[in-house]
>>> print(open('query18.cif').read())   # mmCIF, C-alpha atoms and all ligand atoms
data_work
#
loop_
_atom_site.label_atom_id
_atom_site.label_comp_id
_atom_site.auth_asym_id
_atom_site.auth_seq_id
_atom_site.Cartn_x
_atom_site.Cartn_y
_atom_site.Cartn_z
CA MET O 543 -116.60 -11.68 -16.06
CA THR O 544 -114.68 -12.88 -19.06
CA LYS O 545 -111.35 -14.68 -19.39
CA LEU O 546 -108.54 -13.13 -21.31
CA THR O 547 -104.98 -14.21 -22.00
CA LEU O 548 -102.42 -11.44 -22.03
CA LYS O 549 -99.22 -12.12 -23.93
CA ILE O 550 -96.84 -9.40 -22.78
CA LYS O 551 -93.37 -8.69 -24.15
CA ARG O 552 -91.07 -8.60 -21.15
CA PHE O 553 -87.51 -7.35 -20.84
CA ASN O 554 -85.40 -6.59 -17.80
CA PRO O 555 -81.98 -5.30 -18.90
CA GLU O 556 -80.52 -6.32 -15.52
CA LYS O 557 -81.12 -10.01 -16.14
CA ASP O 558 -82.48 -10.72 -19.62
CA ALA O 559 -80.20 -11.13 -22.64
CA LYS O 560 -83.22 -10.54 -24.86
CA ALA O 561 -86.94 -9.90 -24.68
CA TRP O 562 -89.33 -12.77 -23.92
CA TRP O 563 -93.09 -13.29 -23.89
CA GLY O 564 -94.93 -13.68 -20.60
CA THR O 565 -98.40 -15.24 -20.70
CA TYR O 566 -101.01 -14.40 -18.07
CA GLU O 567 -104.66 -15.37 -17.73
CA VAL O 568 -106.91 -12.76 -16.14
CA ASP O 569 -110.62 -12.39 -15.30
CA VAL O 570 -112.00 -9.02 -16.31
CA GLU O 571 -115.29 -7.38 -17.23
CA PRO O 572 -115.87 -6.86 -20.97
CA THR O 573 -116.19 -3.15 -20.21
CA ASP O 574 -112.85 -3.02 -18.38
CA ARG O 575 -109.91 -1.44 -20.16
CA ILE O 576 -106.79 -3.30 -21.22
CA LEU O 577 -105.04 -1.19 -18.57
CA ASP O 578 -107.25 -2.90 -15.94
CA ALA O 579 -106.15 -6.28 -17.30
CA LEU O 580 -102.49 -5.23 -17.07
CA HIS O 581 -103.10 -4.08 -13.49
CA GLN O 582 -104.55 -7.53 -12.70
CA VAL O 583 -101.22 -9.00 -13.74
CA LYS O 584 -99.11 -6.42 -11.91
CA TYR O 585 -101.10 -6.36 -8.67
CA PHE O 586 -102.03 -10.05 -8.35
CA GLN O 587 -99.71 -12.19 -10.48
CA ASP O 588 -96.33 -10.57 -11.13
CA GLY O 589 -95.40 -7.32 -9.42
CA THR O 590 -92.25 -7.03 -11.51
CA LEU O 591 -94.25 -6.03 -14.61
CA ASN O 592 -93.39 -2.43 -15.50
CA LEU O 593 -95.59 0.00 -17.38
CA ARG O 594 -96.25 3.73 -17.48
CA ARG O 595 -99.71 5.11 -16.76
CA SER O 596 -101.19 7.92 -14.77
CA CYS O 597 -104.65 9.34 -15.49
CA ALA O 598 -106.31 6.11 -16.73
CA HIS O 599 -108.69 8.29 -18.73
CA GLY O 600 -106.93 9.02 -22.03
CA VAL O 601 -105.63 12.41 -20.98
CA CYS O 602 -102.00 12.14 -19.83
CA GLY O 603 -100.66 10.16 -22.79
CA SER O 604 -98.41 7.94 -20.70
CA ASP O 605 -99.71 4.45 -21.53
CA GLY O 606 -99.24 4.34 -25.29
CA MET O 607 -98.27 0.78 -26.24
CA ARG O 608 -98.62 -1.70 -29.07
CA ILE O 609 -101.73 -3.80 -28.47
CA ASN O 610 -102.61 -6.54 -30.96
CA GLY O 611 -100.11 -4.94 -33.34
CA ALA O 612 -101.53 -1.41 -33.24
CA ASN O 613 -100.39 1.54 -31.15
CA GLN O 614 -103.05 2.72 -28.72
CA LEU O 615 -103.66 3.79 -25.15
CA ALA O 616 -104.21 0.83 -22.82
CA CYS O 617 -106.61 2.95 -20.76
CA LYS O 618 -108.82 3.67 -23.77
CA LEU O 619 -109.16 0.22 -25.28
CA LEU O 620 -112.07 -1.81 -23.88
CA VAL O 621 -111.57 -5.53 -23.34
CA LYS O 622 -114.64 -6.30 -25.48
CA ASP O 623 -113.09 -4.40 -28.37
CA ALA O 624 -109.73 -6.15 -28.03
CA ILE O 625 -111.03 -9.73 -28.20
CA LYS O 626 -113.56 -11.58 -30.34
CA LYS O 627 -114.47 -14.28 -27.81
CA GLU O 628 -113.79 -15.39 -24.25
CA GLY O 629 -110.26 -16.70 -23.75
CA ASP O 630 -108.78 -14.86 -26.73
CA THR O 631 -105.20 -13.65 -26.48
CA VAL O 632 -104.25 -9.99 -26.49
CA THR O 633 -100.61 -9.21 -27.27
CA VAL O 634 -99.03 -6.20 -25.58
CA GLU O 635 -95.64 -4.78 -26.58
CA PRO O 636 -93.74 -1.58 -25.94
CA LEU O 637 -93.85 1.18 -28.57
CA MET O 638 -91.48 0.47 -31.47
CA GLY O 639 -88.60 2.69 -32.53
CA LEU O 640 -87.64 3.92 -29.04
CA PRO O 641 -85.19 2.12 -26.72
CA VAL O 642 -86.89 -0.21 -24.24
CA ILE O 643 -85.99 0.64 -20.64
CA LYS O 644 -87.96 -2.18 -19.02
CA ASP O 645 -90.96 -4.26 -20.14
CA LEU O 646 -93.52 -1.78 -21.57
CA ILE O 647 -91.54 1.34 -20.68
CA VAL O 648 -89.59 3.01 -23.47
CA ASP O 649 -87.16 5.90 -23.30
CA MET O 650 -89.27 8.89 -24.40
CA GLU O 651 -86.35 11.34 -24.45
CA PRO O 652 -85.56 10.99 -28.19
CA PHE O 653 -89.27 11.63 -28.84
CA PHE O 654 -89.29 14.76 -26.66
CA ASP O 655 -86.02 15.95 -28.25
CA HIS O 656 -87.84 15.99 -31.61
CA TYR O 657 -90.80 17.75 -30.03
CA ARG O 658 -88.59 20.44 -28.50
CA SER O 659 -86.69 20.93 -31.78
CA VAL O 660 -89.70 22.45 -33.61
CA MET O 661 -90.25 25.36 -31.19
CA PRO O 662 -93.61 24.13 -29.82
CA PHE O 663 -94.48 27.40 -28.12
CA LEU O 664 -95.99 30.76 -29.04
CA VAL O 665 -93.49 33.43 -30.13
CA ASN O 666 -94.70 37.02 -30.09
CA ASP O 667 -92.67 39.89 -28.64
CA GLU O 668 -95.09 42.58 -29.80
CA PRO O 669 -96.78 44.61 -27.05
CA LEU O 670 -100.15 43.36 -25.88
CA PRO O 671 -103.25 45.19 -27.14
CA GLU O 672 -103.64 48.54 -25.37
CA ASP O 673 -106.91 47.57 -23.73
CA GLY O 674 -104.94 44.95 -21.83
CA ARG O 675 -106.95 42.07 -23.25
CA GLU O 676 -105.48 38.90 -24.67
CA ARG O 677 -104.55 38.57 -28.35
CA LEU O 678 -107.90 37.74 -29.91
CA GLN O 679 -108.62 35.31 -32.73
CA SER O 680 -111.68 34.72 -34.89
CA VAL O 681 -113.51 31.40 -34.62
CA ALA O 682 -112.10 30.39 -38.02
CA GLU O 683 -108.55 31.21 -36.93
CA GLN O 684 -109.00 29.17 -33.76
CA GLU O 685 -110.47 26.24 -35.69
CA LYS O 686 -107.35 26.08 -37.82
CA ILE O 687 -105.23 25.16 -34.79
CA MET O 688 -107.88 23.43 -32.68
CA GLU O 689 -107.04 19.85 -33.70
CA GLY O 690 -103.36 20.20 -32.87
CA THR O 691 -104.12 21.47 -29.36
CA LYS O 692 -105.66 18.07 -28.57
CA CYS O 693 -102.28 16.31 -28.74
CA ILE O 694 -101.32 14.54 -25.50
CA LEU O 695 -97.78 13.61 -26.64
CA CYS O 696 -98.44 9.89 -26.29
CA ALA O 697 -96.03 9.04 -29.15
CA CYS O 698 -98.48 6.53 -30.68
CA CYS O 699 -98.15 8.31 -34.04
CA THR O 700 -94.39 8.70 -34.26
CA THR O 701 -93.70 5.14 -33.13
CA SER O 702 -96.07 3.70 -35.73
CA CYS O 703 -94.40 5.58 -38.60
CA PRO O 704 -92.25 3.47 -40.97
CA SER O 705 -90.12 6.50 -41.81
CA PHE O 706 -89.33 6.93 -38.12
CA TRP O 707 -88.55 3.22 -37.73
CA ALA O 708 -86.16 3.52 -40.68
CA ASN O 709 -84.46 6.62 -39.29
CA GLY O 710 -85.02 7.73 -35.70
CA LYS O 711 -83.60 11.15 -36.56
CA TYR O 712 -86.77 11.94 -38.54
CA VAL O 713 -88.61 14.55 -36.48
CA GLY O 714 -91.80 12.48 -36.74
CA PRO O 715 -95.54 13.17 -36.89
CA ALA O 716 -96.05 14.23 -33.26
CA ALA O 717 -93.49 17.02 -33.59
CA LEU O 718 -95.07 18.02 -36.91
CA VAL O 719 -98.53 18.24 -35.33
CA ASN O 720 -97.15 20.48 -32.61
CA ALA O 721 -95.28 22.60 -35.14
CA HIS O 722 -98.49 22.93 -37.19
CA ARG O 723 -100.33 24.11 -34.08
CA PHE O 724 -98.06 27.20 -33.92
CA VAL O 725 -97.19 27.69 -37.60
CA PHE O 726 -100.87 28.30 -38.32
CA ASP O 727 -101.56 30.31 -35.16
CA THR O 728 -102.32 33.88 -36.27
CA ARG O 729 -100.86 35.23 -33.00
CA ASP O 730 -97.47 33.61 -33.57
CA ARG O 731 -94.55 35.39 -35.27
CA ALA O 732 -92.08 32.53 -35.77
CA ALA O 733 -93.75 30.55 -38.55
CA SER O 734 -90.87 31.12 -41.01
CA GLU O 735 -88.27 30.04 -38.48
CA ARG O 736 -90.28 26.97 -37.60
CA LEU O 737 -90.89 26.08 -41.26
CA GLY O 738 -87.15 26.45 -41.86
CA ILE O 739 -86.55 23.74 -39.25
CA LEU O 740 -89.21 21.49 -40.80
CA ASN O 741 -87.69 21.97 -44.26
CA GLN O 742 -84.41 20.37 -43.20
CA GLN O 743 -83.22 16.91 -44.12
CA MET O 744 -84.83 15.17 -41.13
CA GLY O 745 -87.96 17.30 -41.30
CA VAL O 746 -91.34 17.06 -42.94
CA TRP O 747 -90.14 15.64 -46.27
CA ARG O 748 -89.27 12.34 -44.60
CA CYS O 749 -93.04 11.75 -44.39
CA ARG O 750 -94.09 9.32 -47.14
CA THR O 751 -97.81 9.68 -46.44
CA ALA O 752 -98.11 6.22 -44.89
CA PHE O 753 -101.11 7.30 -42.73
CA ASN O 754 -100.13 4.98 -39.83
CA CYS O 755 -99.89 8.08 -37.63
CA THR O 756 -103.45 9.19 -38.34
CA ASN O 757 -104.76 5.68 -37.69
CA ALA O 758 -102.88 5.47 -34.38
CA CYS O 759 -103.81 8.83 -32.91
CA PRO O 760 -106.11 8.32 -29.88
CA ARG O 761 -107.19 11.97 -30.12
CA GLU O 762 -108.33 11.53 -33.71
CA ILE O 763 -106.13 14.37 -34.92
CA PRO O 764 -105.90 14.37 -38.74
CA VAL O 765 -102.12 14.00 -38.51
CA THR O 766 -101.38 13.25 -42.16
CA GLN O 767 -103.56 16.15 -43.29
CA GLN O 768 -101.69 18.51 -40.99
CA ILE O 769 -98.38 17.26 -42.37
CA ALA O 770 -99.70 17.89 -45.91
CA GLU O 771 -100.60 21.46 -44.89
CA ILE O 772 -97.04 22.03 -43.69
CA LYS O 773 -95.67 20.65 -46.99
CA ARG O 774 -98.05 22.92 -48.90
CA ALA O 775 -96.99 25.95 -46.86
CA LEU O 776 -93.37 25.20 -47.71
CA THR O 777 -93.93 24.66 -51.45
CA THR O 778 -96.28 27.59 -51.99
CA GLY O 779 -94.54 29.95 -49.58
CA MET O 780 -98.00 30.80 -48.25
CA ILE O 781 -96.58 31.70 -44.83
FE1 LIG O 801 -100.45 11.06 -29.58
FE2 LIG O 801 -102.01 11.97 -31.58
FE3 LIG O 801 -100.31 13.62 -30.33
FE4 LIG O 801 -99.39 11.73 -31.93
S1 LIG O 801 -100.66 13.47 -32.55
S2 LIG O 801 -98.56 12.25 -29.93
S3 LIG O 801 -100.80 10.06 -31.57
S4 LIG O 801 -102.07 12.57 -29.43
FE1 LIG O 802 -95.22 8.49 -41.14
FE2 LIG O 802 -97.61 9.50 -40.87
FE3 LIG O 802 -96.06 10.34 -42.81
S1 LIG O 802 -97.03 7.39 -40.63
S2 LIG O 802 -94.84 8.55 -43.32
S3 LIG O 802 -95.67 10.59 -40.66
S4 LIG O 802 -98.27 10.07 -42.90
FE1 LIG O 803 -103.23 8.61 -19.06
FE2 LIG O 803 -103.80 6.39 -20.42
S1 LIG O 803 -103.08 6.53 -18.39
S2 LIG O 803 -103.68 8.41 -21.16
#
>>> encode(input="query18.cif", output="structure tokens", more="lines below")
Ligand code: SF4
Ligand code: F3S
Ligand code: FES
Amino acid sequence: MTKLTLKIKRFNPEKDAKAWWGTYEVDVEPTDRILDALHQVKYFQDGTLNLRRSCAHGVCGSDGMRINGANQLACKLLVKDAIKKEGDTVTVEPLMGLPVIKDLIVDMEPFFDHYRSVMPFLVNDEPLPEDGRERLQSVAEQEKIMEGTKCILCACCTTSCPSFWANGKYVGPAALVNAHRFVFDTRDRAASERLGILNQQMGVWRCRTAFNCTNACPREIPVTQQIAEIKRALTTGMI
């Protein structure tokens, strides 16, 4: 067991005029996740602590939060990787740039509005191949979109982006990754329409290549590279 101090940003809109820091000491295993440490607080010290989580295995994307100043999934970060020595403090805050509903829970609707705005679905009204099989792709064609399919919509990228902090209307890196996934899908027929959306004022050109998104992505998606590929497609008219 090791001791750990959690410094958690708390806010209850029903009684707090502003956010405050709660400090909690917990005993955890070095191989526990920060999510386990947060559960120690919620289950044994202060049941009013609010946070989102579901799978606890880095799949559902619901527990993105700012830990020690960097966006990450609480269920993926090991205690031993979050502290240098026993008793160290780990700060935990809600994602930045989205309205805080309560404690570590932010309103994800603006984030999903941006996601929905880029048509994140396959468009193809052509008849299916006559043999009744699915629309086939080569391995190379599949590899082009493979990275984007790993996105779990955790919002760690978008809420670490300085352009998004400056203007929440910017569509943001998560939406761009999900647009990329279909723009470069050889089975899709709406690339031009989608690129037209991304070419607008709050679209891809708001990206200033800060790279925070790539660093924050728990799925190791090369976010900035994908954004560059969208920019290139727009400037060269390659699609
Ligand atoms: Fe999360 Fe990565 Fe998807 Fe962004 S691109 S929402 S950081 S999984
Ligand atoms: Fe933001 Fe990522 Fe671009 S952090 S500025 S979207 S490279
Ligand atoms: Fe599902 Fe962390 S709880 S990704």
>>> closest_residue(input="query18.cif", among="O:Leu670, O:Ala758, O:Ala732, O:Leu695", to="ligand LIG 803 (chain O)", atoms="all atoms listed in the file")
O:Leu695
>>> residues_around(input="query18.cif", residues="Ile694 (chain O)", least_positions_apart="3", cutoff="10 Å", atoms="only C-alpha atoms", output="PyMOL selection string")
chain O and resi 600-604+690-691+697-698+716+759-761
>>> residues_near_point(input="query18.cif", point="(-101.7, -15.3, -19.2)", cutoff="8 Å", atoms="only C-alpha atoms", output="PDB file with C-alpha atoms, keeping the file's coordinate frame")
ATOM      1  CA  LEU O 546    -108.540 -13.130 -21.310  1.00  0.00           C
ATOM      2  CA  THR O 547    -104.980 -14.210 -22.000  1.00  0.00           C
ATOM      3  CA  LEU O 548    -102.420 -11.440 -22.030  1.00  0.00           C
ATOM      4  CA  LYS O 549     -99.220 -12.120 -23.930  1.00  0.00           C
ATOM      5  CA  GLY O 564     -94.930 -13.680 -20.600  1.00  0.00           C
ATOM      6  CA  THR O 565     -98.400 -15.240 -20.700  1.00  0.00           C
ATOM      7  CA  TYR O 566    -101.010 -14.400 -18.070  1.00  0.00           C
ATOM      8  CA  GLU O 567    -104.660 -15.370 -17.730  1.00  0.00           C
ATOM      9  CA  VAL O 568    -106.910 -12.760 -16.140  1.00  0.00           C
TER      10      VAL O 568
END
>>> closest_residue(input="query18.cif", among="O:Ala708, O:Ala770, O:Val660, O:Cys703", to="Glu735 (chain O)", atoms="all atoms listed in the file")
O:Val660
>>> residues_near_ligand(input="query18.cif", ligand="ligand LIG 802 (chain O)", cutoff="7 Å", atoms="only C-alpha atoms and all ligand atoms", output="PyMOL selection string")
chain O and resi 699-700+702-706+714-715+748-756+765-766
>>> residues_near_ligand(input="query18.cif", ligand="ligand LIG 803 (chain O)", cutoff="9 Å", atoms="all atoms listed in the file", output="ChimeraX atom specification")
/O:577,594-606,615-618,694,696
>>> closest_residue(input="query18.cif", among="O:Asn613, O:Lys686, O:Ile643, O:Val632", to="ligand LIG 801 (chain O)", atoms="all atoms listed in the file")
O:Asn613
>>> closest_residue(input="query18.cif", among="O:Lys773, O:Arg729, O:Arg677, O:His656", to="ligand LIG 801 (chain O)", atoms="only C-alpha atoms and all ligand atoms")
O:His656
>>> axis_aligned_box(input="query18.cif", around="region 655-668 of chain O", padding_each_side="3 Å", output="JSON")
{"center_x": -91.0, "center_y": 29.3, "center_z": -30.9, "size_x": 16.0, "size_y": 32.6, "size_z": 11.5}
>>> closest_residue(input="query18.cif", among="O:Gly710, O:Ala733, O:Glu571, O:Cys693", to="Glu651 (chain O)", atoms="only C-alpha atoms")
O:Gly710
>>> residues_near_point(input="query18.cif", point="(-79.2, -5.5, -21.5)", cutoff="12 Å", atoms="only C-alpha atoms", output="list of chain:residue names")
O:Phe553, O:Asn554, O:Pro555, O:Glu556, O:Lys557, O:Asp558, O:Ala559, O:Lys560, O:Ala561, O:Pro641, O:Val642, O:Ile643, O:Lys644, O:Asp645
>>> write_last_selection(input="query18.cif", atoms="C-alpha atoms", output="tab-separated table (two decimals), keeping the file's coordinate frame")
chain	number	residue	atom	x	y	z
O	553	PHE	CA	-87.51	-7.35	-20.84
O	554	ASN	CA	-85.40	-6.59	-17.80
O	555	PRO	CA	-81.98	-5.30	-18.90
O	556	GLU	CA	-80.52	-6.32	-15.52
O	557	LYS	CA	-81.12	-10.01	-16.14
O	558	ASP	CA	-82.48	-10.72	-19.62
O	559	ALA	CA	-80.20	-11.13	-22.64
O	560	LYS	CA	-83.22	-10.54	-24.86
O	561	ALA	CA	-86.94	-9.90	-24.68
O	641	PRO	CA	-85.19	2.12	-26.72
O	642	VAL	CA	-86.89	-0.21	-24.24
O	643	ILE	CA	-85.99	0.64	-20.64
O	644	LYS	CA	-87.96	-2.18	-19.02
O	645	ASP	CA	-90.96	-4.26	-20.14
>>> atom_distance(input="query18.cif", atom1="CA of Asn709 (chain O)", atom2="CA of Met688 (chain O)")
29.6 Å
>>> atom_distance(input="query18.cif", atom1="CA of Leu718 (chain O)", atom2="CA of Gly738 (chain O)")
12.6 Å
